[in-house]
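One structure is given below, encoded as structure tokens.
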Amino acid sequence: RGFASALVGRRLALGGIGGAVASGAASAQPARALFGGGDAVPAPEDVAAPPANAEVTASGLASLVLTPGDGSTNPRSVDKVTVDYTGWTTDGKMFDSSVTRGQKATFPLNAVIAGWTEGVALMSPGEKRRFWIPEELAYKGMPGRPAGMLVFDVELFSIEKSLVPDVPADVAAPPEDAEFSASGLASVVLEAGTGTENPGPTTVVKVDYTGWTADGRMFDSSVARGEPISFGLNRVIKGWQEGVQLMVEGETRRLWIPANLAYGESPPGGAPGGQLCFDVKLISIEQGGFKMPWQ
């Protein structure tokens with residue numbers, strides 16, 4: 001199983017929360033951050049409903065900028081943010097506030113309710129914004145959580161950028177200029193390499209990689225872990241065996257691997273199904289490389 005196990009068994013504990021605080025290690029701090037104590041902060045006058053000049057997104061999230069930010073950058077869902085916030089139900093009852101605790105909250109933006117993930121991504125450092133979050137973007141009626149539309153005042157202090165790369169725009173399907181093999185594997189060279197040798201079928205290689213499903217869900221990344229990985233090419237999925245043999249040291253290539261060269265359409269054990277997209281950088285050939293006849 002080798003690298004196949006690595007792709008599935010070492011997946012990052014990242015990703016959305018499906019209307020609740022994320023499970024596992026990533027959830028611990030956001031869970032504390034979004035539910036705590038403290039003396040009540042008076043509710044804003046417009047707590048019951050967003051005003052006419054509020055911005056409203058396609059999802060129904062409404063917001064109003066209270067203090068502009070510096071405009072320098074916006075957080076991605078995989079980035080960590082440091083904020084102060086206060087939350088109220090629409091009847092004006094405060095249910096949580098980092099302000100009253102005197103302790104700013106830091107958490108990955110994809111480890112909180114969907115309304116926060118979408119809303120805070122609109123902000124830049126120094127900005128303060130009020131959000132009206134529909135219940136379907138909040139806790140969806142979960143027992144013990146505040147119900148209905150929620151209102152938050154959020155001040156964004158800083159963004160800690162994640163090493164996780166952005167989802168490729170062409171993650172769902174290879175572009176017209178991609179190289180296609182007889183097996184159905186497609187690839188595009190993103191960065192040319194400096195080497196002259198290609199790996200062989202049993203070569204041990206060292207790579208950095210990130211993998212996404214066709215809908216853009218990242219399921220594994222050595223880049224995000226900061227841990228390049230070494231393995232023999234005869235110990236990985238067929239799409240990797242074929243694709244990495246096309247590469248030279250220093251090269252970065254995007255691979256679109258059909259399901260039959262990956263884990264299948266509906267694999268067991270939590271493996272990602274369907275066509276998969278990988279960005280792979282061949283750092284080094286550690287053992288068993290060979291030169292192509294034309295080199």
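Chain lettering (A, B, ...) mirrors the order of the structure tokens, residue numbering begins at 1 for each chain separately, and ligand numbering begins at 1 in order of display.
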
Those in stretch 110-275 of chain A with strand (DSSP E or B) from DSSP, as JSON, numbers by chain: {"A": [128, 129, 130, 131, 132, 133, 150, 151, 152, 153, 154, 155, 156, 157, 158, 159, 160, 179, 180, 186, 187, 188, 189, 190, 191, 198, 204, 205, 206, 207, 208, 209, 210, 211, 212, 213, 218, 219, 220, 221, 229, 230, 231, 232, 252, 253, 254, 255, 256, 257]}

Could you please take those selected residues and save C-alpha atoms as a JSON list (two decimals), in the first residue's frame?
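Writing the result to selection12.json gives the following:
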```json
[["chain", "number", "residue", "atom", "x", "y", "z"],
["A", 128, "LYS", "CA", -14.37, 45.56, 12.13],
["A", 129, "ARG", "CA", -17.54, 44.16, 10.58],
["A", 130, "ARG", "CA", -21.02, 43.20, 11.75],
["A", 131, "PHE", "CA", -22.50, 39.95, 10.45],
["A", 132, "TRP", "CA", -26.06, 38.67, 10.34],
["A", 133, "ILE", "CA", -25.65, 34.92, 9.89],
["A", 150, "LEU", "CA", -27.01, 35.17, 14.85],
["A", 151, "VAL", "CA", -25.35, 38.57, 14.90],
["A", 152, "PHE", "CA", -21.61, 39.04, 15.41],
["A", 153, "ASP", "CA", -19.34, 42.04, 15.65],
["A", 154, "VAL", "CA", -15.90, 40.83, 14.54],
["A", 155, "GLU", "CA", -12.59, 42.71, 14.53],
["A", 156, "LEU", "CA", -9.78, 41.09, 12.53],
["A", 157, "PHE", "CA", -6.33, 41.71, 13.96],
["A", 158, "SER", "CA", -4.04, 39.42, 11.99],
["A", 159, "ILE", "CA", -3.84, 36.61, 9.45],
["A", 160, "GLU", "CA", -1.40, 33.70, 9.66],
["A", 179, "GLU", "CA", -0.67, 16.24, -22.23],
["A", 180, "PHE", "CA", -2.80, 13.08, -22.41],
["A", 186, "ALA", "CA", -3.50, 14.15, -18.12],
["A", 187, "SER", "CA", -0.76, 16.51, -16.98],
["A", 188, "VAL", "CA", 0.61, 20.03, -17.34],
["A", 189, "VAL", "CA", 4.14, 21.16, -16.45],
["A", 190, "LEU", "CA", 3.84, 24.06, -13.99],
["A", 191, "GLU", "CA", 7.56, 24.58, -13.48],
["A", 198, "ASN", "CA", 13.50, 10.40, -15.23],
["A", 204, "VAL", "CA", 12.69, 5.88, -4.92],
["A", 205, "VAL", "CA", 11.77, 9.57, -5.22],
["A", 206, "LYS", "CA", 11.34, 12.49, -2.84],
["A", 207, "VAL", "CA", 8.37, 14.76, -3.57],
["A", 208, "ASP", "CA", 6.12, 17.49, -2.26],
["A", 209, "TYR", "CA", 2.48, 17.21, -3.29],
["A", 210, "THR", "CA", -1.07, 18.33, -2.71],
["A", 211, "GLY", "CA", -4.15, 16.36, -3.76],
["A", 212, "TRP", "CA", -7.72, 17.50, -4.42],
["A", 213, "THR", "CA", -10.94, 15.79, -5.42],
["A", 218, "MET", "CA", -8.05, 19.01, -0.51],
["A", 219, "PHE", "CA", -7.60, 15.56, 1.03],
["A", 220, "ASP", "CA", -3.86, 15.45, 1.56],
["A", 221, "SER", "CA", -0.80, 17.69, 1.33],
["A", 229, "ILE", "CA", 7.84, 12.34, 1.41],
["A", 230, "SER", "CA", 10.04, 9.61, -0.12],
["A", 231, "PHE", "CA", 8.68, 6.38, -1.59],
["A", 232, "GLY", "CA", 9.22, 3.80, -4.29],
["A", 252, "THR", "CA", 6.44, 20.66, -10.72],
["A", 253, "ARG", "CA", 3.60, 19.03, -12.64],
["A", 254, "ARG", "CA", -0.17, 18.95, -12.25],
["A", 255, "LEU", "CA", -1.73, 15.52, -12.74],
["A", 256, "TRP", "CA", -5.37, 14.69, -13.43],
["A", 257, "ILE", "CA", -5.69, 11.01, -12.54]]
```

Filtered DSSP result for stretch 50-293 of chain A, state alpha helix (DSSP H), as a ChimeraX atom specification: /A:98-101,114-120,222-225,238-244

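Across the model, the gap from atom CA of A:Pro146 to atom CA of A:Gly126 is 27.5 Å.
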
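Pairwise distance (atom CA of A:Pro44, atom CA of A:Asp79) equals 29.0 Å.
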
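Nearest-residue note for A:Glu135: choosing from A:Gln275, A:Thr194, A:Ser77, A:Ser59, the minimum distance belongs to A:Ser59, counting only C-alpha atoms.
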
Contacts of A:Pro134 at 10 Å (only C-alpha atoms; same-chain gap of 4+ positions) as JSON, numbers by chain: {"A": [59, 60, 61, 62, 114, 115, 138, 139, 140, 147, 148, 149, 150, 151]}

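Among A:Leu109, A:Ala173, A:Ala49, A:Leu246, the residue with the shortest atom-to-atom distance to A:Leu122, counting only C-alpha atoms, is A:Leu109.
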
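In this structure, atom CA of A:Lys93 sits 19.8 Å away from atom CA of A:Leu64.
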
Counting only C-alpha atoms, the option among A:Ala214, A:Val41, A:Val236, A:Ala192 closest to A:Trp88: A:Val41

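Counting only C-alpha atoms and comparing A:Pro268, A:Pro68, A:Gly200, A:Pro108, the residue that lies closest to A:Val164 is A:Pro108.
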
Selected residue, from A:Leu163, A:Val83, A:Ala169, A:Leu185, that lies nearest to A:Gly226 when counting only C-alpha atoms: A:Leu163
